[in-house]
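**Student:** Can you read through this structure? Questions will come right after.
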Amino acid sequence: MMPSKAITFLCFGFWAVLAPLVRPAASATPLKQSAAKAGVEEVWSLGSLEDNKLLMWVGLAVDDDGSLYVSDALDYSLKVFDLKGRLLRTGRRAGTGSEEFQALRELALSRELVFAIDQYRPNILVFNKQLQYQYAISQPRPISCLRTLPDGTLAAACVPIKKGERPVIWLADSRGRTLQEIRYGADAAHPAGDRASFVLSGPDLVLAYNFKNKVERLDRTGRVIWSKRLFNFPDARFKSVMGTQLPTQYIYKDIAVDRTGRLYVLGGGPAEHPSRDVYVLSPGGEMVATIVLPDSTHFLYIDAQDFLYSRANDGLTIKKFKVLFPAEPGRKPLKRPRP
Amino acid sequence: MKIKSSFKPIVLVLAFALCLHIAAPFGFGAETRTCEQALDRCLLVASFMANPFYYAFCLEGYVFCKKYIQIY
């Protein structure tokens, strides 16, 4: 019979060898939180429980003159508000016609045009700034994120609809003529796995993957410049629904960039405060600060004056914040933006 | 019965609306429906269509639901 000391020793040996190999179960543990805390100060809000200015806004963009362009999914409309929150124009078109909306999503602005996505349409709807319909740009792949470059170039993250396809950032002119397709990701197992939000930062693209723990900077050829994991958390779990593999939670919901190139990444499920924690990264991908927004949001937007916009009241309210970074020792504080 | 596989988003939109109890804002997450349950019904409808777009629409509805409504 084996002495008890030997058994204890063997058990300890097994534990010592195997324990590091066994990963703990995924939990919503927040992660690298060593960065400084930045604050936000609400400077303006639009829409409330008492009025009907907004019903369920989804997308937002601010024009050079400060006008706020909003897509309201539940009101089937595009809306333009001035700096004081007055409704200037609205284009309400519920229906299935070529100029009508069924499920409005994101929008983007160029100098003369408004581009909007409808979830159930294989195209991008184009309006002038008076919200008069102009034309539609065909894009059969679903679009997860829509942006415009300063020169008016349209940029869209296109999601593959078949296994084996790769997602692309599609660059096109305002008529929809393809200028370039930048391929990224390669998740053959889960076509939705490489879905991402992105921003244009200088000459590069920065992607926040929606269902992977990955924030990535790419150049215009698709070469990865850096890749970061902000959480000590695995990628989203997938589960099968009627034979289709689906992610069960968002890891990163959105990304925005300010004038200095700082990147603002909105945390999803794994965040300490899901849909409220914003991780601020330097252009090089280092964590600079974290922000906790007062309300959960699906969306971040930063305007030309570096004000941050997010959601409140489940889509009835837009809130505009000034971001207050802690002063760094020996560094001149940033100039405060004017409202 | 074989359903014509031409591109008719309205079919799916209507199916989606029925699936989601359109009275609630998009139905997702409201009442007793979760994003998964809504998607399950949508895919059931899509399974009758021989067109990958229908699946894509269902998936888009699901990821939007996850992003917009379910905060966890």
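Residue names in the structure tokens use chain letters A, B, ... in the order shown, residue numbers from 1 in each chain, and ligand numbers from 1 in the order shown.
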Give me the residues near Glu60 in chain B as a list in words, where near means some atom within 10 Å (using only C-alpha atoms) and where sequence neighbours in that chain fewer than 3 positions away do not count.
**Tutor:**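 These residues fall inside the cut-off: Gln119, Tyr120, Pro142, Ile143, Ser144, Val159 and Ala192 of chain A; Leu39, Tyr54, Tyr55, Ala56, Phe57, Val63, Phe64, Cys65 and Lys66 of chain B.
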**Student:** I need the chain A residues near chain B as number ranges by chain; criterion: at most 7 Å, counting only C-alpha atoms.
**Tutor:** A: 96, 120, 161, 241-242, 249-250, 253, 268-269, 274-275, 298
**Student:** Using only C-alpha atoms, can you tell me which of A:Val168, A:Glu99, A:Glu112, A:Glu106 comes closest to Tyr135 in chain A?
**Tutor:**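 Smallest separation from Tyr135 in chain A among the options: A:Glu99.
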**Student:** Rounded to one decimal, what separation in Å do you get between CA of Lys79 in chain A and CA of Phe198 in chain A?
**Tutor:** 24.0 Å
**Student:** Return the single residue from A:Glu286, A:Ser296, A:Arg141, A:Phe211 that is closest to Leu246 in chain A, with distances computed using only C-alpha atoms.
**Tutor:**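 Under the stated criterion, the closest residue is A:Phe211.
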**Student:** Would you please extract all strand (DSSP E) residues from range 203-300 of chain A, as assigned by DSSP on the backbone, and give them as a PyMOL selection string?
**Tutor:** chain A and resi 204-209+215-218+224-228+238-241+244-247+252-257+263-267+277-281+287-292
**Student:** Between CA of Arg147 in chain A and CA of Phe231 in chain A, measure the distance and give it in Å to one decimal.
**Tutor:**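 Separating CA of Arg147 in chain A from CA of Phe231 in chain A is a distance of 26.2 Å.
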**Student:** Within 12 Å of Thr260 in chain A, counting only C-alpha atoms, which residues show up once you throw out same-chain ones fewer than 5 positions away? Write them as a list in words, please.
**Tutor:**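 The residues that qualify are Ser201, Gly202, Val280, Leu281, Ser282, Pro283, Gly284, Ile302, Ala304, Gln305, Asp306, Leu334 and Lys335 of chain A.
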**Student:** Could you jot down the CA of Ile169 in chain A to CA of Ala155 in chain A separation for me, Å, one decimal place?
**Tutor:** 6.5 Å
